>>> print(open('data_39.cif').read())   # mmCIF, C-alpha atoms
data_input
loop_
_atom_site.label_atom_id
_atom_site.label_comp_id
_atom_site.auth_asym_id
_atom_site.auth_seq_id
_atom_site.Cartn_x
_atom_site.Cartn_y
_atom_site.Cartn_z
CA MET A 1 33.66 193.57 88.51
CA LEU A 2 36.63 192.36 86.48
CA LYS A 3 39.08 194.20 88.75
CA PHE A 4 37.38 192.81 91.84
CA ALA A 5 37.59 189.29 90.42
CA LEU A 6 41.29 189.71 89.72
CA LEU A 7 41.94 190.97 93.25
CA THR A 8 39.92 188.13 94.76
CA SER A 9 41.75 185.48 92.76
CA SER A 10 45.10 187.01 93.69
CA LEU A 11 44.29 186.93 97.39
CA LEU A 12 43.10 183.35 97.16
CA LEU A 13 46.36 182.44 95.45
CA LEU A 14 48.31 184.14 98.22
CA ALA A 15 46.44 182.19 100.85
CA SER A 16 46.78 178.86 99.05
CA CYS A 17 50.51 179.21 98.38
CA GLN A 18 51.66 180.09 101.89
CA SER A 19 54.25 177.77 103.34
CA GLY A 20 56.27 177.90 106.53
CA SER A 21 58.76 175.93 108.58
CA LYS A 22 60.48 176.16 111.93
CA HIS A 23 63.29 174.15 113.50
CA ASN A 24 65.94 174.44 116.18
CA THR A 25 69.66 173.85 115.81
CA GLN A 26 71.30 173.21 119.15
CA HIS A 27 74.69 174.91 119.62
CA ILE A 28 76.24 174.29 123.02
CA ASN A 29 79.91 174.41 123.90
CA GLU A 30 81.10 173.60 127.41
CA ALA A 31 83.59 176.47 127.18
CA ASP A 32 80.92 179.00 126.25
CA SER A 33 79.64 181.54 128.74
CA LEU A 34 76.04 180.98 127.65
CA ALA A 35 74.30 178.05 125.97
CA PHE A 36 71.93 178.82 123.13
CA SER A 37 70.12 177.43 120.11
CA TYR A 38 69.09 178.92 116.77
CA VAL A 39 65.47 178.95 115.64
CA ASN A 40 64.73 179.18 111.92
CA LEU A 41 61.51 180.54 110.44
CA ASN A 42 60.87 180.40 106.69
CA LYS A 43 57.86 181.55 104.72
CA GLN A 44 57.09 182.09 101.07
CA LEU A 45 54.17 183.10 98.87
CA PHE A 46 53.63 181.86 95.31
CA ASN A 47 55.83 179.53 93.30
CA CYS A 48 59.25 181.10 93.60
CA ASP A 49 60.80 178.51 91.26
CA ALA A 50 58.85 179.87 88.29
CA GLU A 51 60.24 182.73 86.20
CA ASP A 52 58.43 186.06 85.87
CA GLN A 53 55.97 185.16 88.62
CA ALA A 54 55.03 187.01 91.79
CA CYS A 55 57.11 185.73 94.69
CA VAL A 56 58.07 186.76 98.19
CA LYS A 57 60.47 184.90 100.50
CA VAL A 58 61.25 185.47 104.17
CA THR A 59 64.06 183.71 106.04
CA LEU A 60 64.63 184.46 109.71
CA GLN A 61 67.08 182.98 112.18
CA ARG A 62 66.67 184.06 115.76
CA ILE A 63 68.28 182.83 118.96
CA GLU A 64 67.00 181.24 122.16
CA LEU A 65 69.18 181.26 125.27
CA ALA A 66 69.22 178.24 127.56
CA GLY A 67 69.05 178.42 131.34
CA GLU A 68 67.17 180.52 133.86
CA GLY A 69 67.79 183.75 135.70
CA GLU A 70 67.12 187.46 135.46
CA ASN A 71 70.31 187.97 133.46
CA ILE A 72 69.25 185.39 130.85
CA ASP A 73 65.76 186.87 130.62
CA SER A 74 67.17 190.38 130.25
CA ILE A 75 69.56 189.43 127.45
CA GLN A 76 66.86 187.42 125.65
CA ASN A 77 64.38 190.30 125.83
CA GLN A 78 66.90 192.81 124.50
CA ILE A 79 67.86 190.53 121.62
CA ASP A 80 64.23 189.83 120.73
CA ARG A 81 63.35 193.52 120.83
CA ARG A 82 66.20 194.47 118.53
CA PHE A 83 65.55 191.53 116.22
CA ALA A 84 61.91 192.50 115.73
CA ASN A 85 62.64 196.24 115.49
CA LEU A 86 65.94 196.42 113.66
CA TYR A 87 65.30 199.87 112.22
CA LEU A 88 63.22 201.37 115.03
CA ASP A 89 64.23 203.10 118.24
CA THR A 90 61.04 202.16 120.05
CA ILE A 91 59.22 198.88 120.46
CA GLY A 92 56.87 198.30 117.54
CA TRP A 93 56.50 194.72 116.37
CA LYS A 94 56.48 192.16 119.14
CA SER A 95 57.85 189.00 117.53
CA PRO A 96 59.54 187.50 114.47
CA GLU A 97 56.09 186.55 113.24
CA ASP A 98 55.24 190.27 113.19
CA VAL A 99 58.26 190.88 110.97
CA ILE A 100 57.07 188.20 108.54
CA ASP A 101 53.45 189.35 108.56
CA ASN A 102 54.39 192.97 107.92
CA PHE A 103 56.64 192.09 104.98
CA LEU A 104 54.03 189.82 103.40
CA HIS A 105 51.29 192.35 103.99
CA GLU A 106 53.22 195.03 102.09
CA TYR A 107 53.55 192.63 99.15
CA GLU A 108 49.87 191.71 99.30
CA GLN A 109 48.89 195.36 99.07
CA ILE A 110 50.93 195.79 95.90
CA ILE A 111 49.41 192.65 94.37
CA GLN A 112 45.96 194.02 95.08
CA GLU A 113 46.78 197.25 93.29
CA MET A 114 48.81 195.64 90.47
CA PRO A 115 47.75 192.00 89.83
CA ASP A 116 50.47 191.60 87.15
CA TYR A 117 53.27 192.60 89.53
CA ASN A 118 56.01 189.94 89.39
CA VAL A 119 59.05 191.38 91.17
CA GLU A 120 60.52 188.90 93.63
CA TRP A 121 60.85 190.26 97.18
CA THR A 122 63.36 188.81 99.64
CA LEU A 123 63.95 189.32 103.34
CA GLU A 124 66.71 187.59 105.29
CA ARG A 125 67.37 188.42 108.93
CA ILE A 126 69.98 186.25 110.64
CA VAL A 127 71.33 186.21 114.22
CA GLU A 128 74.76 184.70 114.86
CA VAL A 129 76.81 184.57 118.05
CA ASN A 130 80.35 185.90 117.57
CA PHE A 131 81.76 186.16 121.13
CA ASN A 132 81.03 184.09 124.21
CA ARG A 133 83.95 184.35 126.63
CA PHE A 134 85.13 186.10 129.79
CA GLY A 135 81.61 187.02 130.89
CA LEU A 136 80.80 188.72 127.58
CA PHE A 137 78.19 187.60 125.06
CA GLY A 138 78.20 189.17 121.61
CA LEU A 139 76.12 188.59 118.50
CA SER A 140 75.30 190.05 115.11
CA ILE A 141 71.97 190.62 113.40
CA PHE A 142 72.40 190.67 109.63
CA GLU A 143 69.66 191.69 107.23
CA PHE A 144 69.40 191.63 103.46
CA SER A 145 66.22 192.82 101.79
CA TYR A 146 65.19 193.40 98.20
CA THR A 147 61.88 195.00 97.21
CA GLY A 148 62.74 196.12 93.70
CA GLY A 149 65.06 198.81 92.44
CA ALA A 150 68.70 198.86 91.44
CA HIS A 151 70.00 196.90 94.42
CA GLY A 152 69.07 195.32 97.69
CA ASN A 153 69.76 196.77 101.13
CA THR A 154 71.96 195.34 103.85
CA LEU A 155 72.30 196.15 107.53
CA LEU A 156 74.56 194.63 110.18
CA ASN A 157 73.87 195.37 113.84
CA TYR A 158 76.06 194.15 116.70
CA GLN A 159 74.99 193.66 120.32
CA ASN A 160 77.17 192.88 123.33
CA PHE A 161 76.13 191.97 126.88
CA LYS A 162 77.55 191.27 130.32
CA THR A 163 76.46 187.74 131.14
CA GLU A 164 76.59 188.40 134.90
CA ASN A 165 73.64 190.79 134.94
CA GLY A 166 72.42 191.06 131.34
CA ALA A 167 73.47 194.69 130.99
CA PRO A 168 74.24 195.91 127.45
CA LEU A 169 77.88 196.66 126.70
CA GLY A 170 78.37 199.72 124.54
CA LEU A 171 81.19 202.16 123.89
CA GLN A 172 80.66 203.94 127.19
CA GLU A 173 80.87 200.70 129.18
CA LEU A 174 83.83 199.10 127.36
CA PHE A 175 86.09 202.09 126.71
CA THR A 176 87.31 205.27 128.31
CA THR A 177 85.95 207.24 125.38
CA GLY A 178 87.90 210.44 125.92
CA ASP A 179 89.84 212.54 123.45
CA GLY A 180 92.80 210.17 123.60
CA PHE A 181 90.76 207.17 122.50
CA LEU A 182 89.02 209.12 119.74
CA GLN A 183 92.32 210.44 118.40
CA LYS A 184 93.84 206.97 118.45
CA ALA A 185 90.83 205.57 116.59
CA GLU A 186 91.00 208.34 113.99
CA ASN A 187 94.70 207.67 113.43
CA VAL A 188 94.00 203.98 112.89
CA PHE A 189 91.09 204.80 110.56
CA ARG A 190 93.18 207.20 108.48
CA SER A 191 95.97 204.63 108.21
CA SER A 192 93.55 201.88 107.09
CA GLN A 193 92.05 204.21 104.46
CA HIS A 194 95.48 205.51 103.35
CA LEU A 195 94.68 209.09 104.37
CA SER A 196 97.25 211.55 105.65
CA ALA A 197 96.61 213.52 108.83
CA SER A 198 96.10 216.67 106.76
CA THR A 199 93.55 215.19 104.32
CA ALA A 200 90.00 216.41 104.97
CA PHE A 201 87.50 213.56 105.25
CA GLU A 202 85.07 215.23 102.83
CA ASP A 203 87.83 215.46 100.23
CA ALA A 204 88.28 211.69 100.54
CA GLY A 205 84.54 211.03 100.13
CA PHE A 206 83.62 210.45 103.79
CA TRP A 207 80.62 212.00 105.55
CA PHE A 208 81.94 212.98 108.98
CA ASP A 209 79.98 216.25 108.97
CA ASP A 210 80.28 216.74 112.73
CA GLY A 211 83.78 215.33 113.01
CA PHE A 212 85.17 211.81 113.20
CA TYR A 213 83.33 209.36 115.46
CA VAL A 214 83.54 205.71 116.43
CA PRO A 215 80.25 203.83 115.89
CA ASP A 216 78.56 202.13 118.82
CA ASN A 217 78.28 199.09 116.55
CA PHE A 218 81.13 196.68 117.18
CA PHE A 219 82.13 193.12 117.89
CA LEU A 220 85.01 191.55 119.80
CA SER A 221 87.39 188.90 118.51
CA ASP A 222 90.61 187.26 119.66
CA LYS A 223 92.52 189.86 117.61
CA GLY A 224 90.80 193.04 118.78
CA VAL A 225 87.64 195.11 118.36
CA HIS A 226 85.93 195.58 115.01
CA PHE A 227 83.86 198.77 114.62
CA PHE A 228 81.36 198.66 111.79
CA TYR A 229 79.91 201.47 109.65
CA ASN A 230 76.93 200.31 107.56
CA PRO A 231 76.44 201.35 103.91
CA TYR A 232 75.38 205.00 103.57
CA GLU A 233 76.53 205.75 107.14
CA ILE A 234 79.77 207.58 106.38
CA ALA A 235 80.16 207.08 102.61
CA PRO A 236 78.11 206.45 99.44
CA TYR A 237 76.53 203.05 98.81
CA ALA A 238 79.26 202.14 96.33
CA SER A 239 81.78 202.18 99.19
CA GLY A 240 79.87 199.40 100.91
CA SER A 241 80.33 198.70 104.61
CA ILE A 242 83.47 200.04 106.26
CA GLU A 243 85.26 198.41 109.17
CA LEU A 244 87.56 200.10 111.65
CA PHE A 245 89.69 197.44 113.31
CA MET A 246 91.76 198.13 116.42
CA SER A 247 94.00 195.40 117.79
CA TRP A 248 94.20 194.59 121.49
CA GLU A 249 97.71 196.04 121.47
CA GLU A 250 96.36 199.34 120.14
CA LEU A 251 93.56 199.35 122.70
CA GLN A 252 95.74 198.96 125.78
CA GLY A 253 95.16 201.89 128.09
CA PHE A 254 91.81 202.79 126.52
CA LEU A 255 89.61 200.12 128.10
CA ALA A 256 87.47 200.68 131.18
CA ASP A 257 88.97 199.27 134.39
CA GLU A 258 86.57 196.33 134.41
CA TRP A 259 87.81 195.15 131.01
CA ALA A 260 91.44 196.26 131.14
CA PHE A 261 92.52 192.61 131.43
CA LEU A 262 91.28 191.68 127.94
CA PRO A 263 94.35 192.75 125.94
CA GLU A 264 96.63 190.78 128.25
CA MET A 265 94.49 187.66 127.87
CA PHE A 266 94.44 187.73 124.08
CA ILE A 267 97.97 189.00 123.53
CA SER A 268 99.36 186.23 125.75
CA ASP A 269 97.22 183.68 123.87
CA THR A 270 98.58 184.94 120.56
CA ALA A 271 102.16 184.79 121.80
CA THR A 272 101.66 181.21 123.02
CA ASP A 273 100.15 180.18 119.66
CA ARG A 274 103.14 181.66 117.84
CA GLN A 275 105.57 179.75 120.06
CA LEU A 276 103.72 176.48 119.50
CA SER A 277 103.52 176.97 115.75
CA GLY A 278 107.20 177.97 115.62
#
>>> encode(input="data_39.cif", output="structure tokens")
Amino acid sequence: MLKFALLTSSLLLLASCQSGSKHNTQHINEADSLAFSYVNLNKQLFNCDAEDQACVKVTLQRIELAGEGENIDSIQNQIDRRFANLYLDTIGWKSPEDVIDNFLHEYEQIIQEMPDYNVEWTLERIVEVNFNRFGLFGLSIFEFSYTGGAHGNTLLNYQNFKTENGAPLGLQELFTTGDGFLQKAENVFRSSQHLSASTAFEDAGFWFDDGFYVPDNFFLSDKGVHFFYNPYEIAPYASGSIELFMSWEELQGFLADEWAFLPEMFISDTATDRQLSG
């Protein structure tokens, strides 16, 4: 009876301490390819300002595209699906609310089993647009979570789309991913990590068991393309995330025909900026 009373009081406390908020932040630029706004969802259980008390916080920032059309709907659906299922290959949860409910439910189960549990859990999942030019729309989904243990976990996922038809833009669509491109990327990677051509990756602490590869996780900038390896992907956690950056100059000749103009656009912009600043 005592245990049941403790569980009941804990659940009542969970229900009474729930709080949530939602608001939009409009972000529209006339030069952007697509207009969009951010939507913030926040929820917490218990008094997270008190020390040594049970607490769980969830902070989500998703995106809503403006406008109408099959291309807009397609991009929005793909973003929403990845946002709600960041770690899954198939559709599981349907909405950001499902992400929140699942995280809180896991915490509730622990509280039921251990009423004195007081580890603070945190989940942050944030969408940010990082490229919106030349018919390309790119964004990042960043997550930080902590559920106890020595450290929290982070994940950064990039998505890129063609605004014309909403099609995803991956390695196969952006690059001519033949042996020449892969060798060029490996040379750049080795140079950035101060590795000679003869140094074995495993001897340097990298996990390219099946040979060097370029991740299909990248974003575009005015300077080039940034390929991103998440923690634990090719090296121990202590190494953190690892970025392979290739400038537009280095990428000339390796882009698919449809996007072969990009280096020229950005290189000419850079040259003009240098002349103006000089």
>>> resolve_selection(input="data_39.cif", expression="the PyMOL selection byres ((chain A and resi 147-155) around 7)", output="PyMOL selection string")
chain A and resi 119+121-122+142-146+156-157+230
>>> closest_residue(input="data_39.cif", among="A:Arg62, A:His194, A:Arg81, A:Lys184", to="Val214 (chain A)", atoms="all atoms listed in the file")
A:Lys184
>>> closest_residue(input="data_39.cif", among="A:Phe206, A:Phe212, A:Trp248, A:Phe83", to="Val225 (chain A)", atoms="all atoms listed in the file")
A:Trp248
>>> resolve_selection(input="data_39.cif", expression="the PyMOL selection byres ((chain A and resi 101) around 12)", output="list in words")
Gln18, Gly20, Asn42, Lys43, Gln44, Leu45, Val56, Lys57, Val58, Ala84, Trp93, Lys94, Ser95, Pro96, Glu97, Asp98, Val99, Ile100, Asn102, Phe103, Leu104, His105, Glu106, Tyr107, Glu108 and Leu123 of chain A
>>> atom_distance(input="data_39.cif", atom1="CA of Asn165 (chain A)", atom2="CA of Asp222 (chain A)")
23.1 Å
>>> atom_distance(input="data_39.cif", atom1="CA of Ser221 (chain A)", atom2="CA of Leu136 (chain A)")
11.2 Å
>>> closest_residue(input="data_39.cif", among="A:Phe181, A:Phe134, A:Phe201, A:Tyr213", to="Leu262 (chain A)", atoms="all atoms listed in the file")
A:Phe134
>>> residues_around(input="data_39.cif", residues="Thr176 (chain A)", least_positions_apart="4", cutoff="10 Å", atoms="all atoms listed in the file", output="list in words")
Leu171, Gln172, Gly180, Phe181, Leu182, Gly253, Phe254, Leu255, Ala256 and Asp257 of chain A
>>> write_last_selection(input="data_39.cif", atoms="C-alpha atoms", output="short mmCIF file (atom, residue, chain, number, x, y, z; two decimals), in the coordinates of the input")
data_model
loop_
_atom_site.label_atom_id
_atom_site.label_comp_id
_atom_site.auth_asym_id
_atom_site.auth_seq_id
_atom_site.Cartn_x
_atom_site.Cartn_y
_atom_site.Cartn_z
CA LEU A 171 81.19 202.16 123.89
CA GLN A 172 80.66 203.94 127.19
CA GLY A 180 92.80 210.17 123.60
CA PHE A 181 90.76 207.17 122.50
CA LEU A 182 89.02 209.12 119.74
CA GLY A 253 95.16 201.89 128.09
CA PHE A 254 91.81 202.79 126.52
CA LEU A 255 89.61 200.12 128.10
CA ALA A 256 87.47 200.68 131.18
CA ASP A 257 88.97 199.27 134.39
#
>>> closest_residue(input="data_39.cif", among="A:Leu139, A:Leu60, A:Leu41, A:Ile110", to="Ile79 (chain A)", atoms="only C-alpha atoms")
A:Leu139
>>> closest_residue(input="data_39.cif", among="A:Trp259, A:Phe228, A:Phe245, A:Tyr117", to="Lys162 (chain A)", atoms="all atoms listed in the file")
A:Trp259
>>> atom_distance(input="data_39.cif", atom1="CA of Cys48 (chain A)", atom2="CA of Leu86 (chain A)")
26.1 Å
>>> decode(input="data_39.cif", residues="region 130-166 of chain A", atoms="C-alpha atoms", output="compact mmCIF listing (two decimals), in the first residue's frame")
# COMPACT_ATOMS: atom_id res chain seq x y z
CA ASN A 130 21.56 27.13 -43.39
CA PHE A 131 21.19 27.50 -47.18
CA ASN A 132 18.43 29.07 -49.24
CA ARG A 133 19.79 30.10 -52.63
CA PHE A 134 19.98 29.03 -56.27
CA GLY A 135 17.01 26.68 -56.01
CA LEU A 136 18.50 24.79 -53.06
CA PHE A 137 17.10 24.67 -49.53
CA GLY A 138 19.27 23.26 -46.76
CA LEU A 139 18.77 22.87 -43.03
CA SER A 140 20.20 21.19 -39.96
CA ILE A 141 18.51 19.24 -37.19
CA PHE A 142 20.57 19.37 -34.01
CA GLU A 143 19.84 17.27 -30.95
CA PHE A 144 21.31 17.20 -27.47
CA SER A 145 19.95 14.76 -24.92
CA TYR A 146 20.96 13.78 -21.41
CA THR A 147 19.36 10.91 -19.50
CA GLY A 148 22.07 10.26 -16.93
CA GLY A 149 25.54 8.84 -17.28
CA ALA A 150 28.94 10.36 -17.87
CA HIS A 151 27.89 12.69 -20.67
CA GLY A 152 25.06 13.73 -22.91
CA ASN A 153 24.62 12.72 -26.54
CA THR A 154 24.61 14.96 -29.58
CA LEU A 155 23.55 14.38 -33.17
CA LEU A 156 23.59 16.73 -36.15
CA ASN A 157 21.67 15.78 -39.28
CA TYR A 158 21.67 17.83 -42.48
CA GLN A 159 18.99 17.82 -45.19
CA ASN A 160 19.09 19.46 -48.61
CA PHE A 161 16.30 19.84 -51.17
CA LYS A 162 15.63 21.09 -54.68
CA THR A 163 13.02 23.81 -54.28
CA GLU A 164 11.69 23.28 -57.82
CA ASN A 165 10.21 19.84 -57.13
CA GLY A 166 10.95 19.07 -53.47
